[in-house]
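Colleague: Handing over data.txt, compact mmCIF, C-alpha atoms and all ligand atoms.
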# COMPACT_ATOMS: atom_id res chain seq x y z
CA MET F 15 -24.01 26.80 6.16
CA VAL F 16 -24.19 28.02 9.74
CA ASP F 17 -23.67 31.69 10.46
CA LEU F 18 -20.21 32.52 11.82
CA SER F 19 -20.57 36.25 12.50
CA GLY F 20 -20.44 35.77 16.29
CA VAL F 21 -17.18 33.87 16.01
CA LEU F 22 -15.73 36.49 13.69
CA GLU F 23 -16.67 39.23 16.17
CA GLN F 24 -14.91 37.36 18.97
CA LEU F 25 -11.83 36.87 16.79
CA LYS F 26 -11.82 40.56 15.90
CA SER F 27 -11.89 41.64 19.53
CA ARG F 28 -9.13 39.20 20.46
CA PHE F 29 -6.73 39.44 17.51
CA GLY F 30 -7.58 42.74 15.86
CA GLU F 31 -9.04 43.37 12.42
CA ARG F 32 -6.14 42.74 10.08
CA SER F 33 -4.50 39.69 11.49
CA TRP F 34 -6.72 37.29 9.54
CA ASP F 35 -8.53 37.09 6.27
CA TYR F 36 -12.04 35.63 5.97
CA SER F 37 -13.72 34.45 2.77
CA GLU F 38 -16.53 32.20 1.59
CA PHE F 39 -16.50 29.93 -1.40
CA HIS F 40 -19.10 27.29 -2.29
CA LYS F 41 -20.43 27.31 1.29
CA ASN F 42 -16.93 26.83 2.67
CA GLN F 43 -16.08 29.35 5.36
CA ARG F 44 -12.37 29.98 5.35
CA LEU F 45 -10.00 31.86 7.55
CA VAL F 46 -6.40 32.52 6.53
CA VAL F 47 -4.07 33.33 9.40
CA ALA F 48 -0.35 33.99 9.71
CA ALA F 49 1.67 30.88 10.50
CA ASP F 50 2.99 32.26 13.78
CA GLN F 51 -0.55 33.06 14.94
CA CYS F 52 -2.05 29.78 13.81
CA PHE F 53 -1.76 28.00 17.13
CA SER F 54 -3.20 30.84 19.18
CA VAL F 55 -6.13 31.26 16.79
CA LEU F 56 -6.90 27.55 16.95
CA GLU F 57 -6.53 27.58 20.73
CA PHE F 58 -8.91 30.52 20.93
CA LEU F 59 -11.38 28.78 18.61
CA LYS F 60 -11.33 25.69 20.75
CA LYS F 61 -11.35 27.17 24.24
CA THR F 62 -13.52 30.24 23.72
CA CYS F 63 -15.65 29.64 20.63
CA GLY F 64 -16.45 25.98 21.32
CA PHE F 65 -14.90 24.34 18.26
CA ASP F 66 -14.45 21.05 20.07
CA MET F 67 -13.76 18.73 17.15
CA LEU F 68 -10.85 18.65 14.71
CA ILE F 69 -12.07 17.16 11.44
CA ASP F 70 -8.86 17.12 9.46
CA VAL F 71 -5.35 18.44 9.14
CA THR F 72 -3.90 18.38 5.67
CA CYS F 73 -1.65 20.33 3.36
CA VAL F 74 -1.47 21.58 -0.23
CA ASP F 75 1.70 22.14 -2.22
CA TYR F 76 1.33 25.24 -4.42
CA LEU F 77 4.53 24.82 -6.39
CA HIS F 78 3.84 25.87 -10.03
CA TYR F 79 0.30 26.88 -9.06
CA ARG F 80 -1.06 29.83 -11.01
CA GLY F 81 -0.69 33.05 -9.04
CA ALA F 82 0.41 31.35 -5.84
CA LYS F 83 2.69 33.32 -3.55
CA ASP F 84 3.43 30.69 -0.95
CA ARG F 85 4.64 27.12 -1.23
CA PHE F 86 2.67 25.09 1.31
CA GLY F 87 -0.86 25.74 2.56
CA LEU F 88 -1.77 23.95 5.77
CA VAL F 89 -5.46 23.26 6.27
CA TYR F 90 -7.20 22.70 9.59
CA ILE F 91 -10.92 21.95 9.56
CA VAL F 92 -12.68 22.46 12.90
CA LEU F 93 -16.27 21.82 13.93
CA ASN F 94 -18.44 23.02 16.78
CA THR F 95 -20.54 19.95 17.52
CA VAL F 96 -23.14 21.96 19.48
CA THR F 97 -23.96 24.69 16.97
CA GLY F 98 -22.82 22.90 13.83
CA GLN F 99 -20.44 25.72 12.88
CA ARG F 100 -17.64 24.59 10.66
CA LEU F 101 -14.52 26.57 9.87
CA ILE F 102 -11.49 26.00 7.68
CA VAL F 103 -8.35 27.58 9.08
CA ARG F 104 -5.39 27.91 6.74
CA ALA F 105 -1.80 28.97 7.24
CA PHE F 106 0.95 29.28 4.63
CA LEU F 107 4.50 28.07 5.05
CA ASN F 108 7.59 28.58 2.93
CA GLU F 109 10.95 26.89 2.77
CA PRO F 110 13.16 26.73 4.73
CA GLU F 111 10.84 27.60 7.62
CA LEU F 112 8.64 24.48 7.45
CA LYS F 113 7.72 24.47 11.10
CA ILE F 114 4.46 25.05 12.91
CA PRO F 115 3.37 24.32 16.47
CA SER F 116 1.54 21.03 16.83
CA VAL F 117 -2.13 21.14 17.85
CA VAL F 118 -1.99 17.80 19.66
CA PRO F 119 -2.25 19.64 23.03
CA LEU F 120 -5.65 20.95 21.84
CA TRP F 121 -7.05 17.91 20.04
CA GLU F 122 -5.56 14.45 20.66
CA GLY F 123 -6.86 13.37 17.26
CA ALA F 124 -4.33 15.61 15.54
CA ASN F 125 -1.59 13.13 16.36
CA TRP F 126 -1.89 10.83 13.34
CA LEU F 127 -3.14 13.59 11.03
CA GLU F 128 0.00 15.62 11.66
CA ARG F 129 2.16 12.54 11.23
CA GLU F 130 0.59 12.02 7.82
CA VAL F 131 1.31 15.61 6.77
CA PHE F 132 4.87 15.18 8.01
CA ASP F 133 5.20 11.92 6.10
CA MET F 134 3.95 13.30 2.80
CA TYR F 135 5.13 16.94 2.86
CA GLY F 136 7.89 17.11 5.44
CA ILE F 137 6.25 19.81 7.55
CA GLU F 138 7.67 19.70 11.05
CA PHE F 139 5.14 20.04 13.84
CA THR F 140 7.03 21.33 16.84
CA GLY F 141 5.93 19.87 20.13
CA HIS F 142 4.39 16.79 18.53
CA PRO F 143 4.81 13.86 20.96
CA ASP F 144 5.75 11.26 18.33
CA LEU F 145 6.62 12.72 14.93
CA ARG F 146 7.46 9.65 12.81
CA ARG F 147 6.42 8.52 9.35
CA ILE F 148 3.00 6.91 9.46
CA LEU F 149 2.31 5.44 6.00
CA LEU F 150 5.71 5.02 4.37
CA PRO F 151 8.48 2.78 5.67
CA ASP F 152 10.84 4.43 8.15
CA GLU F 153 13.80 4.10 5.76
CA PHE F 154 12.03 6.13 3.06
CA VAL F 155 13.84 9.24 1.84
CA GLY F 156 11.87 12.23 0.54
CA PHE F 157 8.31 13.50 0.73
CA PRO F 158 6.22 12.04 -2.11
CA LEU F 159 3.23 14.40 -2.17
CA ARG F 160 5.43 17.40 -2.85
CA LYS F 161 5.00 18.56 -6.42
CA ASP F 162 8.72 18.34 -7.13
CA TYR F 163 8.76 14.64 -6.25
CA PRO F 164 8.62 12.51 -9.42
CA LEU F 165 5.36 10.60 -9.87
CA ARG F 166 7.16 7.32 -10.45
CA GLY F 167 9.48 7.89 -7.53
CA ARG F 168 13.24 7.75 -7.45
CA GLY F 169 13.49 3.98 -7.80
CA GLU F 170 12.26 3.00 -4.34
CA ARG F 171 9.79 0.56 -5.82
CA HIS F 172 12.61 -1.41 -7.47
CA ASN F 173 14.85 -1.38 -4.48
CA PHE F 174 14.31 -4.75 -2.87
CA GLU F 175 16.09 -8.01 -2.47
CA ARG F 176 15.16 -10.59 -5.10
CA ILE F 177 14.14 -14.06 -3.95
CA THR F 178 14.85 -16.87 -6.40
CA ARG F 179 13.47 -20.37 -6.60
CA GLY F 180 16.48 -21.94 -4.98
CA GLU F 181 16.11 -19.99 -1.75
CA GLY F 182 13.10 -20.39 0.42
CA MET J 24 10.71 -59.34 -17.61
CA GLU J 25 7.10 -59.85 -16.95
CA ILE J 26 5.52 -59.28 -13.58
CA GLU J 27 2.17 -60.54 -12.57
CA VAL J 28 0.18 -57.59 -11.21
CA PRO J 29 -2.52 -58.64 -8.78
CA GLU J 30 -5.96 -57.13 -8.94
CA ASN J 31 -6.35 -53.61 -7.43
CA VAL J 32 -2.63 -52.88 -7.71
CA ALA J 33 -1.27 -50.22 -10.07
CA LEU J 34 2.31 -49.51 -10.97
CA THR J 35 3.55 -45.95 -11.43
CA LYS J 36 6.51 -43.67 -10.92
CA LEU J 37 7.07 -42.08 -7.53
CA ASP J 38 7.46 -38.65 -9.14
CA TRP J 39 4.17 -39.02 -10.92
CA LEU J 40 2.40 -40.19 -7.78
CA ALA J 41 3.78 -37.36 -5.64
CA SER J 42 2.78 -34.78 -8.25
CA TRP J 43 -0.66 -36.31 -8.53
CA CYS J 44 -1.17 -36.00 -4.77
CA ARG J 45 0.21 -32.48 -4.64
CA LYS J 46 -1.75 -31.08 -7.54
CA ASN J 47 -5.07 -32.27 -6.19
CA SER J 48 -4.64 -30.84 -2.73
CA LEU J 49 -3.26 -27.34 -3.20
CA TRP J 50 -3.76 -25.32 -0.06
CA PRO J 51 -3.86 -21.64 -1.02
CA MET J 52 -2.48 -18.78 0.98
CA PRO J 53 -4.79 -15.87 0.12
CA PHE J 54 -2.53 -12.83 -0.07
CA ALA J 55 -5.45 -10.57 -0.97
CA THR J 56 -4.49 -6.92 -0.72
CA ALA J 57 -7.06 -5.20 -2.90
CA CYS J 58 -10.13 -5.54 -5.11
CA CYS J 59 -8.93 -8.79 -6.72
CA GLY J 60 -9.30 -10.34 -3.29
CA ILE J 61 -13.08 -10.03 -3.60
CA GLU J 62 -12.95 -12.13 -6.74
CA LEU J 63 -10.72 -14.59 -4.93
CA MET J 64 -13.39 -14.93 -2.25
CA ALA J 65 -16.01 -15.47 -4.94
CA THR J 66 -13.85 -18.25 -6.33
CA GLY J 67 -13.88 -19.94 -2.97
CA ALA J 68 -17.63 -19.48 -2.45
CA SER J 69 -20.33 -21.90 -3.45
CA ARG J 70 -21.14 -20.68 -6.97
CA HIS J 71 -17.66 -21.22 -8.37
CA ASP J 72 -16.57 -23.66 -5.70
CA VAL J 73 -12.86 -24.13 -6.06
CA ALA J 74 -13.27 -27.25 -3.91
CA ARG J 75 -14.00 -29.06 -7.18
CA PHE J 76 -10.28 -28.72 -7.89
CA GLY J 77 -9.07 -29.61 -4.45
CA ALA J 78 -7.92 -26.10 -3.60
CA GLU J 79 -10.61 -24.96 -1.18
CA VAL J 80 -8.63 -25.06 2.04
CA PHE J 81 -7.59 -21.42 2.38
CA ARG J 82 -5.11 -21.14 5.20
CA PHE J 83 -4.04 -17.92 6.84
CA SER J 84 -0.88 -19.42 8.19
CA PRO J 85 1.93 -19.69 5.64
CA ARG J 86 3.22 -22.82 7.36
CA GLN J 87 0.20 -24.75 6.17
CA CYS J 88 0.06 -23.55 2.56
CA ASP J 89 1.67 -24.52 -0.67
CA LEU J 90 0.02 -22.14 -3.15
CA MET J 91 0.37 -18.41 -2.72
CA ILE J 92 -2.30 -16.43 -4.56
CA VAL J 93 -1.29 -12.76 -4.67
CA ALA J 94 -4.52 -10.93 -5.41
CA GLY J 95 -4.11 -7.19 -5.61
CA ARG J 96 -1.46 -4.53 -5.74
CA VAL J 97 1.55 -4.83 -3.48
CA VAL J 98 3.10 -1.63 -2.22
CA MET J 99 6.62 -0.94 -1.10
CA LYS J 100 5.79 -1.42 2.56
CA MET J 101 3.96 -4.69 1.89
CA LEU J 102 6.62 -6.33 -0.27
CA PRO J 103 8.93 -7.33 2.63
CA VAL J 104 5.87 -8.90 4.27
CA LEU J 105 5.06 -10.77 1.07
CA GLN J 106 8.62 -12.04 0.79
CA ARG J 107 8.66 -13.12 4.40
CA ILE J 108 5.42 -15.04 4.04
CA TRP J 109 6.73 -16.66 0.85
CA LEU J 110 9.89 -17.77 2.63
CA GLN J 111 7.85 -19.15 5.50
CA MET J 112 5.83 -21.45 3.24
CA PRO J 113 7.21 -25.00 3.17
CA GLU J 114 8.39 -26.57 -0.09
CA PRO J 115 7.07 -27.53 -2.55
CA LYS J 116 5.22 -24.28 -3.18
CA TRP J 117 3.83 -22.36 -6.10
CA CYS J 118 2.68 -18.83 -6.71
CA ILE J 119 -0.19 -17.42 -8.77
CA SER J 120 -0.08 -13.71 -9.54
CA MET J 121 -3.72 -12.72 -9.88
CA GLY J 122 -4.75 -9.60 -11.76
CA ALA J 123 -3.03 -6.79 -13.57
CA CYS J 124 -1.73 -5.16 -10.41
CA ALA J 125 0.05 -8.14 -8.95
CA SER J 126 1.54 -9.00 -12.34
CA THR J 127 2.60 -5.57 -13.59
CA GLY J 128 1.48 -2.85 -11.22
CA GLY J 129 -1.62 -2.29 -13.35
CA ILE J 130 -2.80 1.28 -13.58
CA PHE J 131 -0.85 2.20 -10.47
CA ASP J 132 2.39 3.39 -12.01
CA THR J 133 3.38 5.36 -8.92
CA TYR J 134 6.33 5.59 -6.59
CA SER J 135 4.91 3.23 -3.99
CA VAL J 136 3.45 0.36 -6.01
CA VAL J 137 5.71 -2.54 -6.94
CA GLN J 138 5.54 -3.01 -10.71
CA GLY J 139 4.94 -6.74 -10.68
CA ILE J 140 5.68 -9.13 -7.83
CA ASP J 141 7.62 -11.41 -10.20
CA ARG J 142 10.50 -8.97 -9.88
CA PHE J 143 11.05 -10.04 -6.32
CA ILE J 144 9.49 -13.47 -5.80
CA PRO J 145 9.10 -16.40 -8.23
CA VAL J 146 5.74 -16.65 -9.98
CA ASP J 147 4.34 -19.72 -11.75
CA MET J 148 1.07 -18.49 -13.22
CA TYR J 149 -0.16 -15.06 -14.24
CA VAL J 150 -3.87 -14.32 -14.44
CA PRO J 151 -4.70 -11.30 -16.60
CA GLY J 152 -7.73 -9.13 -15.89
CA CYS J 153 -8.85 -6.31 -13.68
CA PRO J 154 -10.21 -8.17 -11.82
CA PRO J 155 -10.03 -11.63 -13.39
CA ARG J 156 -13.27 -13.59 -13.33
CA PRO J 157 -13.29 -16.58 -10.99
CA GLU J 158 -13.32 -18.80 -14.08
CA GLN J 159 -9.96 -17.35 -15.06
CA LEU J 160 -8.49 -18.05 -11.65
CA ILE J 161 -9.84 -21.59 -11.80
CA GLN J 162 -8.26 -21.95 -15.24
CA ALA J 163 -4.96 -20.83 -13.73
CA ILE J 164 -5.29 -23.44 -11.02
CA ILE J 165 -6.03 -26.11 -13.62
CA ASP J 166 -3.03 -25.02 -15.67
CA LEU J 167 -0.88 -25.06 -12.57
CA GLN J 168 -2.08 -28.59 -11.86
CA ASP J 169 -1.02 -29.60 -15.36
CA LYS J 170 2.33 -27.99 -14.82
CA ILE J 171 2.84 -29.75 -11.50
CA GLN J 172 1.92 -33.07 -13.07
CA ARG J 173 4.16 -32.47 -16.04
CA GLU J 174 7.36 -31.40 -14.36
CA GLY J 175 6.90 -32.12 -10.68
CA SER J 176 9.27 -34.49 -8.93
CA PHE J 177 9.30 -36.20 -5.60
CA LEU J 178 12.34 -34.30 -4.34
CA GLY J 179 11.41 -30.97 -5.93
CA ASN J 180 14.42 -30.96 -8.28
CA GLU J 181 12.47 -28.93 -10.81
CA PHE J 182 12.78 -25.85 -8.58
CA ILE J 183 16.56 -25.71 -8.56
CA THR J 184 17.32 -25.65 -12.28
CA ASP J 185 19.41 -22.77 -13.61
CA ALA J 186 16.57 -21.42 -15.73
CA ARG J 187 14.38 -21.02 -12.66
CA GLN J 188 16.98 -18.84 -10.91
CA GLN J 189 17.11 -16.22 -13.67
CA PRO J 190 15.54 -12.83 -12.99
CA LYS J 191 12.38 -12.10 -14.94
CA ARG J 192 12.77 -10.14 -18.16
CA ALA J 193 11.37 -6.97 -16.67
CA LEU J 194 14.15 -7.00 -14.09
CA GLN J 195 16.89 -7.71 -16.61
CA GLU J 196 15.83 -4.65 -18.59
CA LEU J 197 15.74 -2.51 -15.51
CA GLU J 198 19.51 -2.34 -15.09
CA LEU J 199 19.59 -2.49 -11.35
CA GLY J 200 23.05 -1.00 -11.35
CA GLN J 201 21.55 2.36 -12.22
CA LEU J 202 19.54 2.71 -9.04
CA PRO J 203 20.63 5.59 -6.87
CA ARG J 204 22.87 3.91 -4.32
CA SER J 205 21.95 6.37 -1.61
CA LEU J 206 18.55 4.71 -1.28
CA PRO J 207 18.41 2.28 1.60
CA ILE J 208 17.16 -1.21 0.76
CA ILE J 209 13.72 -1.38 2.22
CA GLY J 210 12.82 -4.27 4.46
CA GLY J 211 15.74 -6.60 3.95
CA LYS J 212 15.61 -10.34 3.81
CA ALA J 213 13.43 -12.13 6.32
S1 LIG I 301 -6.03 -5.77 -11.10
FE1 LIG I 301 -7.84 -4.43 -10.94
S2 LIG I 301 -9.24 -5.54 -9.58
FE2 LIG I 301 -7.18 -6.43 -9.30
S3 LIG I 301 -6.27 -5.32 -7.59
FE3 LIG I 301 -5.66 -4.28 -9.46
S4 LIG I 301 -7.20 -2.65 -9.72
FE4 LIG I 301 -8.04 -4.16 -8.29
Let's see the structure in the file written out as structure tokens.
Modeller:
Amino acid sequence: MVDLSGVLEQLKSRFGERSWDYSEFHKNQRLVVAADQCFSVLEFLKKTCGFDMLIDVTCVDYLHYRGAKDRFGLVYIVLNTVTGQRLIVRAFLNEPELKIPSVVPLWEGANWLEREVFDMYGIEFTGHPDLRRILLPDEFVGFPLRKDYPLRGRGERHNFERITRGEG
Amino acid sequence: MEIEVPENVALTKLDWLASWCRKNSLWPMPFATACCGIELMATGASRHDVARFGAEVFRFSPRQCDLMIVAGRVVMKMLPVLQRIWLQMPEPKWCISMGACASTGGIFDTYSVVQGIDRFIPVDMYVPGCPPRPEQLIQAIIDLQDKIQREGSFLGNEFITDARQQPKRALQELELGQLPRSLPIIGGKA
């Protein structure tokens, strides 16, 4: 675990004390920010603090989760490849405001990661150059990794043409 | 009437002869989508050597195959591809569904995994197992050869009987009419 106090100092001078929430758990260093500040924090981390690599963008659905206040938790994991500092930035979103600025302008690699989150959770990344489904077929309706989506689906897996022996 | 048969000449039925040729030169199309595919490769490799049964010529072009071996789970997005490849294979053709996933969906009872390919394409042989041993796949090929010999015909009439056009039991029970009609049909016919 690499020390992050310098980064936290820089964040404090730029965004003020109370705009973010830092915690550590099992050697994970985590920063929770407000959704509307998420892009500027990530931009600051990249341009000023040297977090040049985006490891992952993903999402968690907290529906029915014990003690959870918000519905969706977005997760960005960033890495400074020079110092080895690693930081998890999280932002919470609630329906119907499932929108957050895309980080593709900062890291090109976010393109497919954000498409996957869109595909599975229906989070809209504003400013994304090509926000389409990436894993599921384009005709698919719904967002299957949401907790209110039935495990066995809504019948999509049975919804195909049947080919008999005579045809073909 | 008695016919004198010269030496080195045998008399047989055309149907029998065609089936005999077909069954001993099955050219598989390896539709290997998951772990069962590894076992399929082992079947083709030297230890198990499926060449002993005339089925060693794996072709990756459906136009050159007559035996589709579906080895592994097939997901919603893959099924239209599977159907298209099946339709592209020339007649006569057969299909082996290898492993629990291809036959029933296996442990993957989720929204995206097709619960048995026999719901949407015709299947001749099912191989149980997760994954099946190469011996089991070879047994399926041998059984398929028996089947071809038994009911095969020169013109392929055995494929167009009424019984062969019926949906599989799993599909009859499913009551397709109850599907939510708002869902778009995925893929569509090739
Ligand atoms: S039946 Fe078992 S080995 Fe075969 S594809 Fe399914 S999980 Fe893999």
Colleague: Produce as a PyMOL selection string the set of residues near ligand LIG 301 (chain I), where near means within 12 Å with only C-alpha atoms and all ligand atoms considered.
Modeller: chain J and resi 54-63+93-98+120-132+136-139+149-157+160
Colleague: Counting all atoms listed in the file, give me one row per residue of chain F with an atom at most 6 Å from an atom of chain J, showing the shortest contact pair and its distance in Å to one decimal, sorted by chain then residue number, as JSON lines.
Modeller:
{"residue": "F:Pro151", "atom": "CA", "partner": "J:Lys100", "partner_atom": "CA", "distance": 5.9}
{"residue": "F:Leu165", "atom": "CA", "partner": "J:Thr133", "partner_atom": "CA", "distance": 5.7}
{"residue": "F:Arg166", "atom": "CA", "partner": "J:Tyr134", "partner_atom": "CA", "distance": 4.3}
{"residue": "F:Gly167", "atom": "CA", "partner": "J:Tyr134", "partner_atom": "CA", "distance": 4.0}
{"residue": "F:Arg171", "atom": "CA", "partner": "J:Val137", "partner_atom": "CA", "distance": 5.2}
{"residue": "F:Asn173", "atom": "CA", "partner": "J:Ile208", "partner_atom": "CA", "distance": 5.7}
{"residue": "F:Phe174", "atom": "CA", "partner": "J:Ile208", "partner_atom": "CA", "distance": 5.8}
{"residue": "F:Arg176", "atom": "CA", "partner": "J:Phe143", "partner_atom": "CA", "distance": 4.3}
{"residue": "F:Ile177", "atom": "CA", "partner": "J:Ile144", "partner_atom": "CA", "distance": 5.0}
{"residue": "F:Thr178", "atom": "CA", "partner": "J:Gln188", "partner_atom": "CA", "distance": 5.4}
{"residue": "F:Arg179", "atom": "CA", "partner": "J:Gln188", "partner_atom": "CA", "distance": 5.8}
{"residue": "F:Gly180", "atom": "CA", "partner": "J:Ile183", "partner_atom": "CA", "distance": 5.2}
{"residue": "F:Gly182", "atom": "CA", "partner": "J:Leu110", "partner_atom": "CA", "distance": 4.7}
Colleague: Quick check, in Å to one decimal: how far apart do atom CA of J:Cys118 and atom CA of J:Thr35 lie?
Modeller: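 One can read the atom CA of J:Cys118 to atom CA of J:Thr35 distance as 27.5 Å.
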Colleague: Determine, counting all atoms listed in the file, every residue of protein, DNA or RNA that lies within 12 Å of (-2.1, 22.0, 4.3) in the file coordinates, then give the result as a PyMOL selection string.
Modeller: chain F and resi 46+49+70-76+84-91+102-108+112+114+127-128+130-132+134-137+159-160
Colleague: What's around stretch 98-100 of chain F at 10 Å? Count all atoms listed in the file, leave out sequence neighbours fewer than 5 positions away in its own chain, and write the answer as a ChimeraX atom specification.
Modeller: /F:15-18,21,42-44,63-65,67-69,91-93
Colleague: Quote the spacing between atom CA of J:His71 and atom CA of J:Gly175 in Å to one decimal place.
Modeller: 27.0 Å
Colleague: Quick one: of J:Leu178, J:Cys88, J:Ile108, J:Leu49, who's nearest to J:Ile164, counting only C-alpha atoms?
Modeller: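 Closest to J:Ile164 of all the choices is J:Leu49.
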Colleague: Go ahead and compute the interatomic distance for atom CA of J:Leu37 and atom CA of J:Ser84, in Å to one decimal.
Modeller: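 Rounded to one decimal, the two atoms are 28.7 Å apart.
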Colleague: Extract, using only C-alpha atoms, all DNA, RNA and protein residues at most 12 Å from J:Glu79, discarding same-chain residues fewer than 3 positions from it, and format them as an NGL selection string.
Modeller: :J and (47-53 or 63-69 or 71-76 or 82 or 88 or 90 or 161 or 164)
Colleague: Just the residues within 12 Å of J:Leu40, please, counting only C-alpha atoms, with nothing from its chain fewer than 6 positions along; format it as a list in words.
Modeller: Ala33, Leu34, Lys46, Asn47, Ile171, Gln172, Arg173, Gly175, Ser176 and Phe177 of chain J
Colleague: Measuring atom to atom with only C-alpha atoms, identify which of F:Glu138, F:Glu23, F:Glu38, F:Glu170 is nearest to F:Leu150.
Modeller: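 For F:Leu150, the nearest of the candidates is F:Glu170.
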Colleague: Could you tell me which of F:Lys161, F:Leu22, F:Leu77, F:Ser116 comes closest to F:Ser37 if we count only C-alpha atoms?
Modeller: F:Leu22
Colleague: Where atoms are absent from stretch 121-132 of chain F, fill them in so it carries N, CA, C and O atoms, then output it as a PDB file, in the coordinates of the input.
Modeller:
ATOM      1  N   TRP F 121      -6.221  19.058  20.439  1.00  0.00           N
ATOM      2  CA  TRP F 121      -7.050  17.910  20.040  1.00  0.00           C
ATOM      3  C   TRP F 121      -6.126  16.697  19.935  1.00  0.00           C
ATOM      4  O   TRP F 121      -5.207  16.683  19.116  1.00  0.00           O
ATOM      5  N   GLU F 122      -6.379  15.660  20.724  1.00  0.00           N
ATOM      6  CA  GLU F 122      -5.560  14.450  20.660  1.00  0.00           C
ATOM      7  C   GLU F 122      -5.561  13.859  19.253  1.00  0.00           C
ATOM      8  O   GLU F 122      -4.580  13.291  18.787  1.00  0.00           O
ATOM      9  N   GLY F 123      -6.706  13.988  18.579  1.00  0.00           N
ATOM     10  CA  GLY F 123      -6.860  13.370  17.260  1.00  0.00           C
ATOM     11  C   GLY F 123      -5.910  13.930  16.219  1.00  0.00           C
ATOM     12  O   GLY F 123      -5.771  13.362  15.140  1.00  0.00           O
ATOM     13  N   ALA F 124      -5.247  15.038  16.526  1.00  0.00           N
ATOM     14  CA  ALA F 124      -4.330  15.610  15.540  1.00  0.00           C
ATOM     15  C   ALA F 124      -3.063  14.783  15.395  1.00  0.00           C
ATOM     16  O   ALA F 124      -2.329  14.946  14.429  1.00  0.00           O
ATOM     17  N   ASN F 125      -2.841  13.870  16.336  1.00  0.00           N
ATOM     18  CA  ASN F 125      -1.590  13.130  16.360  1.00  0.00           C
ATOM     19  C   ASN F 125      -1.292  12.444  15.019  1.00  0.00           C
ATOM     20  O   ASN F 125      -0.286  12.743  14.366  1.00  0.00           O
ATOM     21  N   TRP F 126      -2.153  11.571  14.574  1.00  0.00           N
ATOM     22  CA  TRP F 126      -1.890  10.830  13.340  1.00  0.00           C
ATOM     23  C   TRP F 126      -2.037  11.714  12.116  1.00  0.00           C
ATOM     24  O   TRP F 126      -1.354  11.521  11.111  1.00  0.00           O
ATOM     25  N   LEU F 127      -2.957  12.712  12.186  1.00  0.00           N
ATOM     26  CA  LEU F 127      -3.140  13.590  11.030  1.00  0.00           C
ATOM     27  C   LEU F 127      -1.857  14.368  10.763  1.00  0.00           C
ATOM     28  O   LEU F 127      -1.408  14.510   9.620  1.00  0.00           O
ATOM     29  N   GLU F 128      -1.237  14.868  11.840  1.00  0.00           N
ATOM     30  CA  GLU F 128       0.000  15.620  11.660  1.00  0.00           C
ATOM     31  C   GLU F 128       1.144  14.702  11.218  1.00  0.00           C
ATOM     32  O   GLU F 128       2.001  15.101  10.433  1.00  0.00           O
ATOM     33  N   ARG F 129       1.122  13.480  11.704  1.00  0.00           N
ATOM     34  CA  ARG F 129       2.160  12.540  11.230  1.00  0.00           C
ATOM     35  C   ARG F 129       2.016  12.299   9.741  1.00  0.00           C
ATOM     36  O   ARG F 129       3.009  12.161   9.032  1.00  0.00           O
ATOM     37  N   GLU F 130       0.784  12.248   9.258  1.00  0.00           N
ATOM     38  CA  GLU F 130       0.590  12.020   7.820  1.00  0.00           C
ATOM     39  C   GLU F 130       1.116  13.218   7.026  1.00  0.00           C
ATOM     40  O   GLU F 130       1.792  13.053   5.996  1.00  0.00           O
ATOM     41  N   VAL F 131       0.815  14.424   7.480  1.00  0.00           N
ATOM     42  CA  VAL F 131       1.310  15.610   6.770  1.00  0.00           C
ATOM     43  C   VAL F 131       2.833  15.636   6.803  1.00  0.00           C
ATOM     44  O   VAL F 131       3.494  15.939   5.803  1.00  0.00           O
ATOM     45  N   PHE F 132       3.413  15.246   7.922  1.00  0.00           N
ATOM     46  CA  PHE F 132       4.870  15.180   8.010  1.00  0.00           C
ATOM     47  C   PHE F 132       5.423  14.150   7.039  1.00  0.00           C
ATOM     48  O   PHE F 132       6.407  14.393   6.325  1.00  0.00           O
TER      49      PHE F 132
END
